[in-house]
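Printed here is target34.pdb (PDB, C-alpha atoms and all ligand atoms):
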ATOM      1  CA  MET A1045      32.882 -32.793 -10.466
ATOM      2  CA  LEU A1046      30.683 -33.869  -7.555
ATOM      3  CA  THR A1047      31.868 -36.986  -5.734
ATOM      4  CA  VAL A1048      29.763 -38.719  -3.111
ATOM      5  CA  THR A1049      31.500 -41.425  -1.079
ATOM      6  CA  SER A1050      29.998 -43.929   1.404
ATOM      7  CA  LEU A1051      27.129 -41.579   2.284
ATOM      8  CA  SER A1052      24.711 -42.989   4.869
ATOM      9  CA  LYS A1053      21.801 -41.623   6.862
ATOM     10  CA  GLN A1054      19.448 -43.352   9.257
ATOM     11  CA  TYR A1055      16.467 -41.428  10.648
ATOM     12  CA  ASP A1056      15.425 -41.628  14.303
ATOM     13  CA  ASN A1057      12.584 -44.009  13.371
ATOM     14  CA  GLY A1058      15.172 -46.547  12.157
ATOM     15  CA  VAL A1059      14.669 -45.987   8.390
ATOM     16  CA  LYS A1060      17.994 -46.182   6.574
ATOM     17  CA  ALA A1061      17.289 -43.585   3.880
ATOM     18  CA  LEU A1062      20.851 -43.532   2.492
ATOM     19  CA  ASN A1063      22.912 -46.682   2.592
ATOM     20  CA  ASN A1064      26.505 -46.280   1.446
ATOM     21  CA  ILE A1065      25.790 -44.066  -1.576
ATOM     22  CA  GLU A1066      28.620 -43.704  -4.119
ATOM     23  CA  LEU A1067      28.248 -41.268  -7.022
ATOM     24  CA  GLN A1068      30.400 -39.352  -9.473
ATOM     25  CA  ILE A1069      28.655 -36.564 -11.317
ATOM     26  CA  GLY A1070      30.166 -34.252 -13.927
ATOM     27  CA  LYS A1071      28.849 -31.179 -15.753
ATOM     28  CA  GLY A1072      25.443 -31.259 -17.454
ATOM     29  CA  MET A1073      22.184 -32.824 -16.380
ATOM     30  CA  PHE A1074      22.316 -35.920 -14.184
ATOM     31  CA  GLY A1075      19.164 -37.891 -13.353
ATOM     32  CA  LEU A1076      18.392 -39.491 -10.030
ATOM     33  CA  LEU A1077      15.653 -42.009 -10.668
ATOM     34  CA  GLY A1078      13.873 -44.078  -8.042
ATOM     35  CA  PRO A1079      10.471 -45.085  -6.685
ATOM     36  CA  ASN A1080       8.683 -43.216  -3.897
ATOM     37  CA  GLY A1081      10.598 -43.541  -0.646
ATOM     38  CA  ALA A1082      13.855 -44.573  -2.390
ATOM     39  CA  GLY A1083      15.856 -41.837  -0.668
ATOM     40  CA  LYS A1084      16.042 -39.241  -3.456
ATOM     41  CA  SER A1085      14.912 -36.270  -1.342
ATOM     42  CA  SER A1086      17.133 -37.359   1.538
ATOM     43  CA  LEU A1087      20.095 -37.355  -0.841
ATOM     44  CA  MET A1088      19.106 -34.008  -2.396
ATOM     45  CA  ARG A1089      18.713 -32.381   1.038
ATOM     46  CA  THR A1090      22.100 -33.741   2.090
ATOM     47  CA  LEU A1091      23.770 -32.440  -1.092
ATOM     48  CA  ALA A1092      22.099 -29.081  -0.491
ATOM     49  CA  THR A1093      23.553 -29.055   3.075
ATOM     50  CA  ILE A1094      20.054 -28.888   4.605
ATOM     51  CA  GLN A1095      20.614 -32.078   6.575
ATOM     52  CA  ALA A1096      23.757 -33.858   7.733
ATOM     53  CA  PRO A1097      24.486 -37.516   6.974
ATOM     54  CA  ASP A1098      25.638 -39.961   9.652
ATOM     55  CA  SER A1099      28.782 -40.780   7.689
ATOM     56  CA  GLY A1100      30.451 -40.340   4.309
ATOM     57  CA  TYR A1101      32.018 -37.593   2.202
ATOM     58  CA  ILE A1102      30.828 -35.129  -0.417
ATOM     59  CA  GLN A1103      33.338 -33.244  -2.533
ATOM     60  CA  PHE A1104      32.328 -30.595  -5.086
ATOM     61  CA  ASN A1105      35.360 -29.413  -7.070
ATOM     62  CA  ASP A1106      37.699 -28.133  -4.328
ATOM     63  CA  ILE A1107      35.003 -27.905  -1.622
ATOM     64  CA  ASN A1108      34.730 -30.530   1.097
ATOM     65  CA  VAL A1109      30.968 -30.043   1.404
ATOM     66  CA  LEU A1110      30.371 -31.489   4.859
ATOM     67  CA  ASN A1111      33.254 -29.514   6.391
ATOM     68  CA  ARG A1112      32.507 -26.291   4.504
ATOM     69  CA  PRO A1113      28.729 -26.089   3.919
ATOM     70  CA  HIS A1114      28.833 -22.277   3.624
ATOM     71  CA  ALA A1115      31.336 -22.500   0.780
ATOM     72  CA  LEU A1116      29.024 -24.887  -1.067
ATOM     73  CA  ARG A1117      25.971 -22.692  -0.487
ATOM     74  CA  ARG A1118      27.717 -19.848  -2.326
ATOM     75  CA  VAL A1119      27.808 -21.937  -5.520
ATOM     76  CA  LEU A1120      24.551 -23.855  -4.974
ATOM     77  CA  GLY A1121      21.062 -23.398  -6.389
ATOM     78  CA  TYR A1122      18.399 -25.587  -4.772
ATOM     79  CA  LEU A1123      14.782 -26.153  -5.719
ATOM     80  CA  PRO A1124      13.209 -28.349  -3.017
ATOM     81  CA  GLN A1125      10.292 -30.680  -3.651
ATOM     82  CA  GLU A1126       7.975 -28.486  -1.598
ATOM     83  CA  PHE A1127       8.677 -24.989  -2.816
ATOM     84  CA  GLY A1128       6.492 -22.469  -1.001
ATOM     85  CA  VAL A1129       6.201 -18.799  -1.880
ATOM     86  CA  TYR A1130       5.049 -15.835   0.148
ATOM     87  CA  PRO A1131       1.533 -14.694  -0.663
ATOM     88  CA  ARG A1132       0.748 -11.235  -2.005
ATOM     89  CA  VAL A1133       4.356 -10.322  -2.880
ATOM     90  CA  SER A1134       5.148  -9.648  -6.531
ATOM     91  CA  ALA A1135       7.580 -11.917  -8.398
ATOM     92  CA  PHE A1136       9.997  -9.010  -8.817
ATOM     93  CA  ARG A1137       9.974  -8.015  -5.128
ATOM     94  CA  LEU A1138      10.293 -11.562  -3.877
ATOM     95  CA  LEU A1139      13.204 -12.360  -6.189
ATOM     96  CA  ASP A1140      14.813  -9.037  -5.306
ATOM     97  CA  TYR A1141      14.504  -9.887  -1.610
ATOM     98  CA  LEU A1142      15.989 -13.359  -2.144
ATOM     99  CA  ALA A1143      18.868 -11.749  -4.053
ATOM    100  CA  VAL A1144      19.564  -9.517  -1.029
ATOM    101  CA  LEU A1145      19.703 -12.662   1.124
ATOM    102  CA  LYS A1146      22.151 -14.139  -1.378
ATOM    103  CA  GLY A1147      24.417 -11.144  -0.755
ATOM    104  CA  ILE A1148      23.815  -9.027  -3.873
ATOM    105  CA  HIS A1149      23.719  -5.645  -2.124
ATOM    106  CA  ASN A1150      24.195  -3.232  -5.038
ATOM    107  CA  LYS A1151      20.657  -2.295  -6.069
ATOM    108  CA  ASN A1152      21.374  -1.690  -9.771
ATOM    109  CA  VAL A1153      23.291  -4.943 -10.131
ATOM    110  CA  ARG A1154      20.534  -6.778  -8.278
ATOM    111  CA  HIS A1155      17.659  -5.340 -10.318
ATOM    112  CA  LYS A1156      19.483  -6.145 -13.530
ATOM    113  CA  LYS A1157      20.014  -9.733 -12.356
ATOM    114  CA  VAL A1158      16.384 -10.118 -11.224
ATOM    115  CA  ASN A1159      15.065  -8.871 -14.575
ATOM    116  CA  GLU A1160      17.432 -11.217 -16.431
ATOM    117  CA  LEU A1161      16.223 -14.184 -14.378
ATOM    118  CA  LEU A1162      12.575 -13.275 -14.925
ATOM    119  CA  GLU A1163      13.228 -13.056 -18.641
ATOM    120  CA  GLN A1164      15.100 -16.375 -18.708
ATOM    121  CA  THR A1165      12.239 -18.111 -16.914
ATOM    122  CA  ASN A1166       9.670 -16.429 -19.166
ATOM    123  CA  LEU A1167       8.068 -14.539 -16.278
ATOM    124  CA  LEU A1168       9.014 -10.981 -17.202
ATOM    125  CA  ASN A1169       5.476 -10.159 -18.299
ATOM    126  CA  HIS A1170       4.239 -11.273 -14.885
ATOM    127  CA  LYS A1171       6.864  -9.528 -12.756
ATOM    128  CA  HIS A1172       4.350  -7.298 -10.955
ATOM    129  CA  LYS A1173       1.880 -10.113 -10.273
ATOM    130  CA  SER A1174       1.684 -11.711  -6.862
ATOM    131  CA  VAL A1175       3.456 -15.067  -6.884
ATOM    132  CA  ALA A1176       0.467 -16.521  -5.029
ATOM    133  CA  THR A1177      -1.621 -16.095  -8.209
ATOM    134  CA  PHE A1178       0.869 -18.027 -10.376
ATOM    135  CA  SER A1179      -0.012 -21.395 -11.933
ATOM    136  CA  GLY A1180       1.902 -24.498 -10.793
ATOM    137  CA  GLY A1181       4.238 -24.250 -13.776
ATOM    138  CA  MET A1182       4.923 -20.555 -13.164
ATOM    139  CA  VAL A1183       5.742 -21.272  -9.500
ATOM    140  CA  ARG A1184       8.182 -23.975 -10.619
ATOM    141  CA  ARG A1185       9.824 -21.602 -13.098
ATOM    142  CA  PHE A1186       9.985 -19.004 -10.364
ATOM    143  CA  GLY A1187      11.623 -21.687  -8.210
ATOM    144  CA  ILE A1188      14.334 -22.092 -10.832
ATOM    145  CA  ALA A1189      14.758 -18.307 -11.046
ATOM    146  CA  GLN A1190      15.462 -18.169  -7.288
ATOM    147  CA  ALA A1191      17.803 -21.174  -7.570
ATOM    148  CA  LEU A1192      19.813 -19.334 -10.252
ATOM    149  CA  ILE A1193      20.266 -16.043  -8.404
ATOM    150  CA  ALA A1194      23.883 -16.598  -7.455
ATOM    151  CA  SER A1195      24.900 -18.069 -10.856
ATOM    152  CA  PRO A1196      25.294 -21.515  -9.265
ATOM    153  CA  GLU A1197      27.791 -24.153 -10.357
ATOM    154  CA  LEU A1198      25.738 -26.902  -8.695
ATOM    155  CA  ILE A1199      21.945 -26.995  -9.131
ATOM    156  CA  VAL A1200      19.804 -29.492  -7.229
ATOM    157  CA  VAL A1201      16.191 -29.878  -8.400
ATOM    158  CA  ASP A1202      13.977 -32.296  -6.483
ATOM    159  CA  GLU A1203      10.997 -33.861  -8.348
ATOM    160  CA  PRO A1204       9.899 -30.616  -9.940
ATOM    161  CA  THR A1205       7.121 -31.625 -12.329
ATOM    162  CA  ALA A1206       4.391 -32.947 -10.031
ATOM    163  CA  GLY A1207       1.089 -31.444 -11.077
ATOM    164  CA  LEU A1208       2.353 -29.733 -14.238
ATOM    165  CA  ASP A1209       0.465 -30.094 -17.501
ATOM    166  CA  PRO A1210       2.503 -31.460 -20.453
ATOM    167  CA  GLN A1211       3.080 -28.023 -21.971
ATOM    168  CA  GLU A1212       4.365 -26.531 -18.705
ATOM    169  CA  ARG A1213       6.457 -29.631 -18.105
ATOM    170  CA  ASN A1214       8.130 -29.286 -21.495
ATOM    171  CA  ARG A1215       8.706 -25.578 -20.951
ATOM    172  CA  PHE A1216      10.199 -26.274 -17.537
ATOM    173  CA  TYR A1217      12.488 -28.964 -18.888
ATOM    174  CA  SER A1218      13.763 -26.770 -21.743
ATOM    175  CA  LEU A1219      14.683 -24.265 -19.070
ATOM    176  CA  LEU A1220      16.584 -26.911 -17.100
ATOM    177  CA  SER A1221      18.441 -28.052 -20.239
ATOM    178  CA  GLU A1222      19.453 -24.483 -20.910
ATOM    179  CA  VAL A1223      20.758 -23.839 -17.388
ATOM    180  CA  SER A1224      22.608 -27.176 -17.227
ATOM    181  CA  GLU A1225      24.880 -26.138 -20.093
ATOM    182  CA  ASN A1226      27.204 -24.341 -17.687
ATOM    183  CA  ALA A1227      26.618 -26.198 -14.428
ATOM    184  CA  THR A1228      26.187 -29.566 -12.789
ATOM    185  CA  LEU A1229      22.433 -30.091 -12.507
ATOM    186  CA  ILE A1230      20.980 -33.011 -10.546
ATOM    187  CA  LEU A1231      17.343 -33.744 -11.255
ATOM    188  CA  SER A1232      15.420 -36.295  -9.222
ATOM    189  CA  SER A1233      12.272 -37.939 -10.502
ATOM    190  CA  HIS A1234      10.260 -41.128 -10.364
ATOM    191  CA  ILE A1235       9.123 -40.493 -13.954
ATOM    192  CA  ILE A1236      11.280 -42.543 -16.303
ATOM    193  CA  GLU A1237      10.421 -40.593 -19.481
ATOM    194  CA  ASP A1238      11.472 -37.323 -17.851
ATOM    195  CA  ILE A1239      14.937 -38.634 -17.072
ATOM    196  CA  GLU A1240      15.201 -40.477 -20.404
ATOM    197  CA  GLY A1241      14.429 -37.354 -22.400
ATOM    198  CA  LEU A1242      16.745 -35.034 -20.503
ATOM    199  CA  CYS A1243      19.732 -36.713 -18.904
ATOM    200  CA  SER A1244      22.501 -38.629 -20.616
ATOM    201  CA  ASN A1245      23.761 -39.946 -17.268
ATOM    202  CA  LEU A1246      21.799 -41.204 -14.319
ATOM    203  CA  ALA A1247      21.748 -43.233 -11.128
ATOM    204  CA  ILE A1248      18.899 -45.527 -10.139
ATOM    205  CA  ILE A1249      18.309 -45.477  -6.407
ATOM    206  CA  ASN A1250      16.153 -47.821  -4.328
ATOM    207  CA  ASN A1251      15.954 -48.492  -0.585
ATOM    208  CA  GLY A1252      18.712 -45.958   0.005
ATOM    209  CA  LYS A1253      21.169 -47.665  -2.363
ATOM    210  CA  VAL A1254      22.452 -46.881  -5.841
ATOM    211  CA  VAL A1255      21.378 -49.972  -7.758
ATOM    212  CA  ASN A1256      22.773 -48.912 -11.144
ATOM    213  CA  GLN A1257      24.444 -45.868 -12.657
ATOM    214  CA  GLY A1258      26.041 -44.750 -15.898
ATOM    215  CA  GLY A1259      25.193 -43.403 -19.337
ATOM    216  CA  ILE A1260      21.674 -44.251 -20.509
ATOM    217  CA  SER A1261      22.846 -45.800 -23.763
ATOM    218  CA  SER A1262      25.546 -47.943 -22.139
ATOM    219  CA  LEU A1263      23.136 -49.130 -19.419
ATOM    220  CA  SER A1264      20.629 -50.074 -22.124
ATOM    221  CA  ASN A1265      23.323 -51.787 -24.218
ATOM    222  CA  VAL A1266      24.099 -54.140 -21.319
ATOM    223  CA  LEU A1267      20.586 -55.562 -21.729
ATOM    224  CA  GLY A1268      20.946 -55.818 -25.532
ATOM    225  CA  GLY A1269      19.564 -59.137 -26.858
ATOM    226  CA  LYS A1270      18.049 -60.025 -23.475
ATOM    227  CA  VAL A1271      14.719 -58.208 -23.503
ATOM    228  CA  TRP A1272      11.778 -60.125 -24.989
ATOM    229  CA  GLN A1273       8.209 -59.028 -25.456
ATOM    230  CA  ALA A1274       4.978 -60.967 -26.003
ATOM    231  CA  GLN A1275       1.355 -60.001 -26.439
ATOM    232  CA  THR A1276      -0.938 -62.169 -24.371
ATOM    233  CA  ASN A1277      -3.879 -62.306 -21.929
ATOM    234  CA  GLU A1278      -4.232 -61.992 -18.156
ATOM    235  CA  GLN A1279      -4.398 -65.731 -17.503
ATOM    236  CA  GLN A1280      -1.148 -66.404 -19.359
ATOM    237  CA  VAL A1281       0.527 -63.512 -17.539
ATOM    238  CA  SER A1282      -0.207 -65.140 -14.156
ATOM    239  CA  GLN A1283       1.384 -68.406 -15.308
ATOM    240  CA  TRP A1284       4.440 -66.793 -16.912
ATOM    241  CA  GLN A1285       4.973 -64.600 -13.881
ATOM    242  CA  LYS A1286       5.767 -67.700 -11.823
ATOM    243  CA  VAL A1287       8.530 -68.889 -14.147
ATOM    244  CA  PHE A1288      10.049 -65.922 -16.041
ATOM    245  CA  SER A1289      11.980 -62.797 -14.958
ATOM    246  CA  PHE A1290       9.353 -60.136 -15.568
ATOM    247  CA  LEU A1291      10.344 -56.557 -16.298
ATOM    248  CA  SER A1292       6.908 -55.069 -16.911
ATOM    249  CA  VAL A1293       3.340 -55.738 -18.006
ATOM    250  CA  LYS A1294       1.291 -53.117 -19.844
ATOM    251  CA  SER A1295      -2.446 -53.409 -20.433
ATOM    252  CA  ILE A1296      -4.261 -52.139 -23.483
ATOM    253  CA  GLY A1297      -7.868 -53.246 -23.113
ATOM    254  CA  ALA A1298      -7.797 -57.037 -22.597
ATOM    255  CA  GLU A1299      -4.347 -57.325 -24.202
ATOM    256  CA  ARG A1300      -1.250 -57.628 -22.034
ATOM    257  CA  PHE A1301       2.187 -56.674 -23.303
ATOM    258  CA  VAL A1302       4.768 -58.532 -21.254
ATOM    259  CA  ARG A1303       8.494 -57.779 -21.228
ATOM    260  CA  VAL A1304      10.899 -60.273 -19.687
ATOM    261  CA  LEU A1305      14.641 -60.589 -19.232
ATOM    262  CA  ALA A1306      16.173 -63.805 -20.593
ATOM    263  CA  ASP A1307      19.157 -65.036 -22.617
ATOM    264  CA  ILE A1308      16.916 -66.810 -25.137
ATOM    265  CA  PRO A1309      13.223 -66.322 -26.033
ATOM    266  CA  PRO A1310      11.299 -67.896 -23.111
ATOM    267  CA  THR A1311       8.620 -69.304 -25.474
ATOM    268  CA  PRO A1312       7.990 -68.921 -29.220
ATOM    269  CA  ASP A1313       5.445 -66.177 -28.340
ATOM    270  CA  PHE A1314       8.274 -63.815 -27.471
ATOM    271  CA  TYR A1315      10.133 -61.565 -29.897
ATOM    272  CA  ALA A1316      13.283 -59.493 -29.253
ATOM    273  CA  VAL A1317      12.862 -55.776 -28.530
ATOM    274  CA  PRO A1318      15.498 -53.058 -28.050
ATOM    275  CA  PRO A1319      15.991 -52.309 -24.331
ATOM    276  CA  ASN A1320      14.828 -48.930 -23.052
ATOM    277  CA  LEU A1321      15.413 -47.081 -19.782
ATOM    278  CA  GLU A1322      12.276 -48.578 -18.267
ATOM    279  CA  ASP A1323      13.776 -52.055 -18.797
ATOM    280  CA  VAL A1324      17.055 -50.897 -17.211
ATOM    281  CA  TYR A1325      15.098 -49.489 -14.260
ATOM    282  CA  PHE A1326      12.978 -52.590 -13.609
ATOM    283  CA  ALA A1327      15.965 -54.915 -14.126
ATOM    284  CA  ALA A1328      17.960 -52.950 -11.517
ATOM    285  CA  LEU A1329      15.103 -53.052  -8.972
ATOM    286  CA  ALA A1330      14.513 -56.782  -9.608
ATOM    287  CA  ASN A1331      18.219 -57.499  -9.242
ATOM    288  CA  GLN A1332      18.308 -55.711  -5.885
ATOM    289  CA  GLY A1333      15.244 -57.736  -4.805
ATOM    290  CA  GLN A1334      17.031 -60.973  -5.758
ATOM    291  CA  GLU A1335      20.183 -59.982  -3.861
ATOM    292  CA  ALA A1336      18.119 -59.170  -0.764
ATOM    293  CA  LYS A1337      16.642 -62.713  -0.716
TER     294      LYS A1337
HETATM  295  N1  LIG A1401      12.456 -36.870   8.469
HETATM  296  C1  LIG A1401      12.261 -38.172   8.331
HETATM  297  N2  LIG A1401      12.109 -38.966   9.410
HETATM  298  C2  LIG A1401      11.917 -40.289   9.286
HETATM  299  N3  LIG A1401      11.865 -40.946   8.098
HETATM  300  C3  LIG A1401      12.008 -40.204   6.990
HETATM  301  C4  LIG A1401      12.201 -38.782   7.039
HETATM  302  N4  LIG A1401      12.306 -38.319   5.781
HETATM  303  C5  LIG A1401      12.189 -39.393   4.972
HETATM  304  N5  LIG A1401      12.006 -40.521   5.680
HETATM  305  C6  LIG A1401      11.893 -41.906   5.175
HETATM  306  O1  LIG A1401      13.108 -42.162   4.486
HETATM  307  C7  LIG A1401      12.858 -42.901   3.283
HETATM  308  C8  LIG A1401      13.367 -42.100   2.097
HETATM  309  O2  LIG A1401      12.546 -40.954   1.959
HETATM  310  P1  LIG A1401      12.825 -39.838   0.844
HETATM  311  O3  LIG A1401      11.801 -38.759   1.027
HETATM  312  O4  LIG A1401      14.253 -39.461   0.890
HETATM  313  O5  LIG A1401      12.534 -40.666  -0.495
HETATM  314  P2  LIG A1401      12.151 -40.150  -1.949
HETATM  315  O6  LIG A1401      12.843 -41.074  -2.888
HETATM  316  O7  LIG A1401      12.441 -38.707  -2.084
HETATM  317  O8  LIG A1401      10.595 -40.421  -1.981
HETATM  318  P3  LIG A1401       9.435 -39.536  -2.684
HETATM  319  O9  LIG A1401       9.600 -39.708  -4.151
HETATM  320  O10 LIG A1401       8.192 -40.206  -2.166
HETATM  321  O11 LIG A1401       9.598 -38.135  -2.196
HETATM  322  C9  LIG A1401      11.359 -43.157   3.258
HETATM  323  O12 LIG A1401      11.143 -44.423   3.838
HETATM  324  C10 LIG A1401      10.789 -42.055   4.131
HETATM  325  O13 LIG A1401       9.579 -42.468   4.742
END
Could you quickly redo this structure as structure tokens?
Ligand SMILES: Nc1ncnc2c1ncn2[C@@H]1O[C@H](COP(=O)(O)OP(=O)(O)OP(=O)(O)O)[C@@H](O)[C@H]1O
Amino acid sequence: MLTVTSLSKQYDNGVKALNNIELQIGKGMFGLLGPNGAGKSSLMRTLATIQAPDSGYIQFNDINVLNRPHALRRVLGYLPQEFGVYPRVSAFRLLDYLAVLKGIHNKNVRHKKVNELLEQTNLLNHKHKSVATFSGGMVRRFGIAQALIASPELIVVDEPTAGLDPQERNRFYSLLSEVSENATLILSSHIIEDIEGLCSNLAIINNGKVVNQGGISSLSNVLGGKVWQAQTNEQQVSQWQKVFSFLSVKSIGAERFVRVLADIPPTPDFYAVPPNLEDVYFAALANQGQEAK
């Protein structure tokens, strides 16, 4: 179990990137969803002991993370948002080198582990190729291979799918699902479908605060009977926007599909729809906006 208590961080420029974060995360895949600049990477870096918070506590099983960062690093696998690789070194040699840094000194044990990781990440056929020649998806899978070297119990993966084509994205996510079976895996993303398809539990973060958290189905159930949709035009949207609690507007050609939050249908044009994670997300952000006023 990972427990984050009252975690705060303000940068020198005055930005409060983490504002009293509280989280409880068990085994399996946990999603951290939030818009750009919400504080996801700041939180991930803090969990990975790359940067220190101003205040708060992080406990992972029996490790007090802020007091014993080295102990956490022994059970941690981290894939940062910007994952760079050394040019002209083969995948095998680079992973082997990283395994030495992780303290696996016995050569036979290390080579066995490196080959296993390359197989697991579907890179065995490319083991002698320079990592610099890999596609974006292959680099990401290599990033997971390096994060798994020490058989981590906590895996932190920061917005990993930027720039991946749908096939590579799916392949990458199957890999994450597989590795999260025996570990706590925290995945950050601003892509709602990614989190919806992969994580049963999540936290929504905005302006450095957790604005909602829980199981996806229970968060959606809270909005049950309160999400209404109507098909309309741009002019009507502008009028409705002034009076109703909008969740989202989608455009298909000249048509506008509006979703709003209300206890009863706002006008006869609206029909009830089952809430999805996107509704939960926009409702949480809107609620925070209301509270800030
Ligand atoms: N080193 C830093 N110094 C000053 N401000 C920073 C620093 N790093 C991040 N910030 C600011 O802190 C806030 C949170 O940034 P962070 O990168 O944690 O968000 P994020 O949710 O990961 O965003 P993105 O999805 O765009 O990566 C932003 O306003 C950002 O500009």
Two-atom distance - atom O8 of ligand LIG 1401 (chain A), atom CA of Ser1085 of chain A (Å): 6.0 Å
Close residues to ligand LIG 1401 (chain A) using all atoms listed in the file, limit 7 Å, as JSON, numbers by chain: {"A": [1055, 1056, 1057, 1059, 1060, 1061, 1078, 1079, 1080, 1081, 1082, 1083, 1084, 1085, 1086, 1087, 1234, 1252]}
Distance query segment 1152-1161 of chain A at most 9 Å, only C-alpha atoms, self and fewer than 4 positions along chain excluded, as an NGL selection string: :A and (1136 or 1139-1140 or 1143-1144 or 1148 or 1165-1168 or 1171 or 1186 or 1188-1190 or 1192-1193)
Next, the residues of the selection above should be written as a PDB file, in the frame of the given file with C-alpha atoms.
ATOM      1  CA  PHE A1136       9.997  -9.010  -8.817  1.00  0.00           C
ATOM      2  CA  LEU A1139      13.204 -12.360  -6.189  1.00  0.00           C
ATOM      3  CA  ASP A1140      14.813  -9.037  -5.306  1.00  0.00           C
ATOM      4  CA  ALA A1143      18.868 -11.749  -4.053  1.00  0.00           C
ATOM      5  CA  VAL A1144      19.564  -9.517  -1.029  1.00  0.00           C
ATOM      6  CA  ILE A1148      23.815  -9.027  -3.873  1.00  0.00           C
ATOM      7  CA  THR A1165      12.239 -18.111 -16.914  1.00  0.00           C
ATOM      8  CA  ASN A1166       9.670 -16.429 -19.166  1.00  0.00           C
ATOM      9  CA  LEU A1167       8.068 -14.539 -16.278  1.00  0.00           C
ATOM     10  CA  LEU A1168       9.014 -10.981 -17.202  1.00  0.00           C
ATOM     11  CA  LYS A1171       6.864  -9.528 -12.756  1.00  0.00           C
ATOM     12  CA  PHE A1186       9.985 -19.004 -10.364  1.00  0.00           C
ATOM     13  CA  ILE A1188      14.334 -22.092 -10.832  1.00  0.00           C
ATOM     14  CA  ALA A1189      14.758 -18.307 -11.046  1.00  0.00           C
ATOM     15  CA  GLN A1190      15.462 -18.169  -7.288  1.00  0.00           C
ATOM     16  CA  LEU A1192      19.813 -19.334 -10.252  1.00  0.00           C
ATOM     17  CA  ILE A1193      20.266 -16.043  -8.404  1.00  0.00           C
TER      18      ILE A1193
END
Coordinates-based distance that separates atom CA of Ala1191 of chain A from atom CA of Lys1151 of chain A (Å, one decimal): 19.2 Å
Given the PyMOL selection byres (((chain A and resi 1095-1106) around 9) and not hetatm), the residues it picks as a list in words: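 This file gives the following for the PyMOL selection byres (((chain A and resi 1095-1106) around 9) and not hetatm): Met1045, Leu1046, Thr1047, Val1048, Thr1049, Ser1050, Leu1051, Ser1052, Lys1053, Gln1054, Leu1062, Asn1064, Ile1065, Ser1086, Leu1087, Arg1089, Thr1090, Leu1091, Ala1092, Thr1093, Ile1094, Ile1107, Asn1108, Val1109, Leu1110, Leu1116 and Leu1198 of chain A.
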Restrict the selected residues to C-alpha atoms and save them as a short mmCIF file (atom, residue, chain, number, x, y, z; two decimals), in the frame of the given file.
data_model
loop_
_atom_site.label_atom_id
_atom_site.label_comp_id
_atom_site.auth_asym_id
_atom_site.auth_seq_id
_atom_site.Cartn_x
_atom_site.Cartn_y
_atom_site.Cartn_z
CA MET A 1045 32.88 -32.79 -10.47
CA LEU A 1046 30.68 -33.87 -7.56
CA THR A 1047 31.87 -36.99 -5.73
CA VAL A 1048 29.76 -38.72 -3.11
CA THR A 1049 31.50 -41.42 -1.08
CA SER A 1050 30.00 -43.93 1.40
CA LEU A 1051 27.13 -41.58 2.28
CA SER A 1052 24.71 -42.99 4.87
CA LYS A 1053 21.80 -41.62 6.86
CA GLN A 1054 19.45 -43.35 9.26
CA LEU A 1062 20.85 -43.53 2.49
CA ASN A 1064 26.50 -46.28 1.45
CA ILE A 1065 25.79 -44.07 -1.58
CA SER A 1086 17.13 -37.36 1.54
CA LEU A 1087 20.10 -37.35 -0.84
CA ARG A 1089 18.71 -32.38 1.04
CA THR A 1090 22.10 -33.74 2.09
CA LEU A 1091 23.77 -32.44 -1.09
CA ALA A 1092 22.10 -29.08 -0.49
CA THR A 1093 23.55 -29.06 3.08
CA ILE A 1094 20.05 -28.89 4.61
CA ILE A 1107 35.00 -27.90 -1.62
CA ASN A 1108 34.73 -30.53 1.10
CA VAL A 1109 30.97 -30.04 1.40
CA LEU A 1110 30.37 -31.49 4.86
CA LEU A 1116 29.02 -24.89 -1.07
CA LEU A 1198 25.74 -26.90 -8.70
#
Mind completing segment 1234-1242 of chain A with N, CA and C atoms? Output as a PDB file, in the frame of the given file, please?
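Just written: selection_13.pdb:
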ATOM      1  N   HIS A1234      10.646 -39.721 -10.270  1.00  0.00           N
ATOM      2  CA  HIS A1234      10.260 -41.128 -10.364  1.00  0.00           C
ATOM      3  C   HIS A1234       9.641 -41.370 -11.741  1.00  0.00           C
ATOM      4  N   ILE A1235       9.714 -40.354 -12.618  1.00  0.00           N
ATOM      5  CA  ILE A1235       9.123 -40.493 -13.954  1.00  0.00           C
ATOM      6  C   ILE A1235      10.229 -40.816 -14.958  1.00  0.00           C
ATOM      7  N   ILE A1236      10.187 -42.052 -15.461  1.00  0.00           N
ATOM      8  CA  ILE A1236      11.280 -42.543 -16.303  1.00  0.00           C
ATOM      9  C   ILE A1236      11.446 -41.691 -17.565  1.00  0.00           C
ATOM     10  N   GLU A1237      10.317 -41.345 -18.212  1.00  0.00           N
ATOM     11  CA  GLU A1237      10.421 -40.593 -19.481  1.00  0.00           C
ATOM     12  C   GLU A1237      11.100 -39.241 -19.262  1.00  0.00           C
ATOM     13  N   ASP A1238      10.863 -38.635 -18.103  1.00  0.00           N
ATOM     14  CA  ASP A1238      11.472 -37.323 -17.851  1.00  0.00           C
ATOM     15  C   ASP A1238      12.986 -37.445 -17.861  1.00  0.00           C
ATOM     16  N   ILE A1239      13.487 -38.447 -17.157  1.00  0.00           N
ATOM     17  CA  ILE A1239      14.937 -38.634 -17.072  1.00  0.00           C
ATOM     18  C   ILE A1239      15.481 -39.051 -18.438  1.00  0.00           C
ATOM     19  N   GLU A1240      14.752 -39.953 -19.110  1.00  0.00           N
ATOM     20  CA  GLU A1240      15.201 -40.477 -20.404  1.00  0.00           C
ATOM     21  C   GLU A1240      15.349 -39.358 -21.432  1.00  0.00           C
ATOM     22  N   GLY A1241      14.404 -38.418 -21.400  1.00  0.00           N
ATOM     23  CA  GLY A1241      14.429 -37.354 -22.400  1.00  0.00           C
ATOM     24  C   GLY A1241      15.460 -36.274 -22.114  1.00  0.00           C
ATOM     25  N   LEU A1242      15.938 -36.193 -20.891  1.00  0.00           N
ATOM     26  CA  LEU A1242      16.745 -35.034 -20.503  1.00  0.00           C
ATOM     27  C   LEU A1242      18.189 -35.322 -20.146  1.00  0.00           C
TER      28      LEU A1242
END
